[in-house]
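J.: Sending over a structure as structure tokens; questions will come in a sec.
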Amino acid sequence: MARAALACLILVSGGCGSRANLPADIDPSEIEPALISPPASSVTLALLGDVMLGRDVHPDAETFAYLEPFLTSADLALANLESPLTTSPVQTESPYALCAPPENVKYLVDAGFDLLALANNHHLDCGPAGLIETQSTLTDAGLGFIGPDPEPVYRSIKGIRLAFLAFDAISEFDLEAAVQAVQSARESGTLVVVSMHWGMEYQSGASASQKQIAQALAEAGATLIWGHHPHVLQPAEWINDGKTLLFYSLGNALFDQYGLESTRRSALVIVTLDSKGIQEFSVVPFSIDYRNSRVMKAEQADAQRILQYFTP
């Protein structure tokens with residue numbers, strides 16, 4: 001989808017790992033995004049964390065309205081789909097079954113999503129048949145998916161080749177196989193973007209395991225690693241001598257969790273890449289209104305808290 005890029009709130013320079021802070025006298029909740037014309041040879045990716053469309057989430061036309069301009073303006077919009085879209089019966093023994101009605105896919109389409117990661121610990125909540133129906137539901141709606149199989153999904157946009165991989169490190173995870181998959185994709189001449197479902201729930205910092213996995217994938221050739229599962233934000237950083245941009249966790253994008261305020265503070269990140277790698281990224285802080293199943297503009301205090309995860 002050929003679209004214009006968005007610039008908003010806080011810009012972070014790529015490559016060298018430098019970052020531009022938001023001025024102290026600026027209220028981030030009052031800044032509105034502005035459409036700009038990106039270089040013809042650049043690609044923008046809009047990234048979100050966990051999207052859940054089942055249980056006590058009841059989406060409607062307003063659910064993603066605040067984020068829709070950002071999602072539709074990116075070349076590709078991605079998120080982790082935490083809820084299988086299926087009519088199959090629940091098969092997990094966990095009390096946390098997140099399966100959602102297949103017809104809820106329309107809200108993903110209308111919001112502007114393009115690729116959904118399925119490598120997570122809930123993709124089999126309604127069994128293998130539920131996973132198959134989820135994949136066919138997405139495909140029939142014109143959406144792509146990454147995982148749960150460790151096979152790359154390729155896209156070529158404006159002459160820039162991208163390979164997307166998705167891994168679930170909450171369940172059984174083969175780091176060596178993941179490294180080999182990244183290396184193979186990188187050697188084919190693509191920029192490699194990796195979705196990682198990992199870490200400990202509700203922890204505001206990355207675990208030792210996350211850091212180990214991230215370093216291995218970066219050294220294997222990953223240009224961008226975007227994480228989820230903790231349900232809260234975790235810090236962003238440059239690793240691998242500034243060649244790899246890492247988001248340990250982008251928190252919840254849409255969920256019905258209400259016990260901790262941090263599960264309702266989140267961010268959409270827009271990453272700009274060219275053929276050499278990442279040029280910059282920008283951050284859109286937002287909040288989740290769990291009572292009405294929608295995202296909304298973050299208030300000033302929440303926006304400041306959110307932006308701290310993306311600044312030195």
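In the structure tokens, each chain is lettered A, B, ... as it comes, each chain's residues begin at 1, and ligands are numbered from 1 in order of appearance.
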Residues of range 68-123 of chain A that approach range 230-239 of chain A to 12 Å or less, counting only C-alpha atoms: could you list each one with the shortest pair of atoms and its distance in Å to one decimal, rows by chain and increasing residue number, as JSON lines?

T.:
```
{"residue": "A:Asn80", "atom": "CA", "partner": "A:His231", "partner_atom": "CA", "distance": 11.3}
{"residue": "A:Glu82", "atom": "CA", "partner": "A:His231", "partner_atom": "CA", "distance": 10.9}
{"residue": "A:Asn120", "atom": "CA", "partner": "A:Pro230", "partner_atom": "CA", "distance": 11.7}
{"residue": "A:Asn121", "atom": "CA", "partner": "A:Pro230", "partner_atom": "CA", "distance": 11.8}
```

J.: Mind writing the picked residues with N, CA and C atoms as a PDB file, in the first residue's frame?

T.:
```
ATOM      1  N   ASN A  80       0.962  -7.636  17.081  1.00  0.00           N
ATOM      2  CA  ASN A  80       0.847  -9.027  17.508  1.00  0.00           C
ATOM      3  C   ASN A  80      -0.623  -9.319  17.784  1.00  0.00           C
ATOM      4  N   GLU A  82      -3.136 -11.303  19.526  1.00  0.00           N
ATOM      5  CA  GLU A  82      -3.139 -12.155  20.704  1.00  0.00           C
ATOM      6  C   GLU A  82      -4.359 -13.071  20.759  1.00  0.00           C
ATOM      7  N   ASN A 120       2.710 -16.532  19.209  1.00  0.00           N
ATOM      8  CA  ASN A 120       2.538 -16.145  20.610  1.00  0.00           C
ATOM      9  C   ASN A 120       1.921 -17.296  21.387  1.00  0.00           C
ATOM     10  N   ASN A 121       1.832 -17.164  22.699  1.00  0.00           N
ATOM     11  CA  ASN A 121       1.382 -18.263  23.547  1.00  0.00           C
ATOM     12  C   ASN A 121      -0.127 -18.450  23.553  1.00  0.00           C
TER      13      ASN A 121
END
```

J.: Counting only C-alpha atoms, which residue out of A:Ile213, A:Ile288, A:Val57, A:Met296 sits closest to Leu260 in chain A?

T.: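 Looking only at the distances to Leu260 in chain A, the closest residue turns out to be A:Ile288.
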
J.: Which residues are close to Arg161 in chain A, i.e. within 9 Å by only C-alpha atoms, leaving aside same-chain residues fewer than 6 positions away? Reply as JSON, numbers by chain.

T.: {"A": [154, 155, 189, 190, 191, 192, 275]}

J.: With distances taken over only C-alpha atoms, which residue among A:Phe113, A:Tyr96, A:Phe167, A:Phe281 lies nearest Leu67 in chain A?

T.: A:Phe113
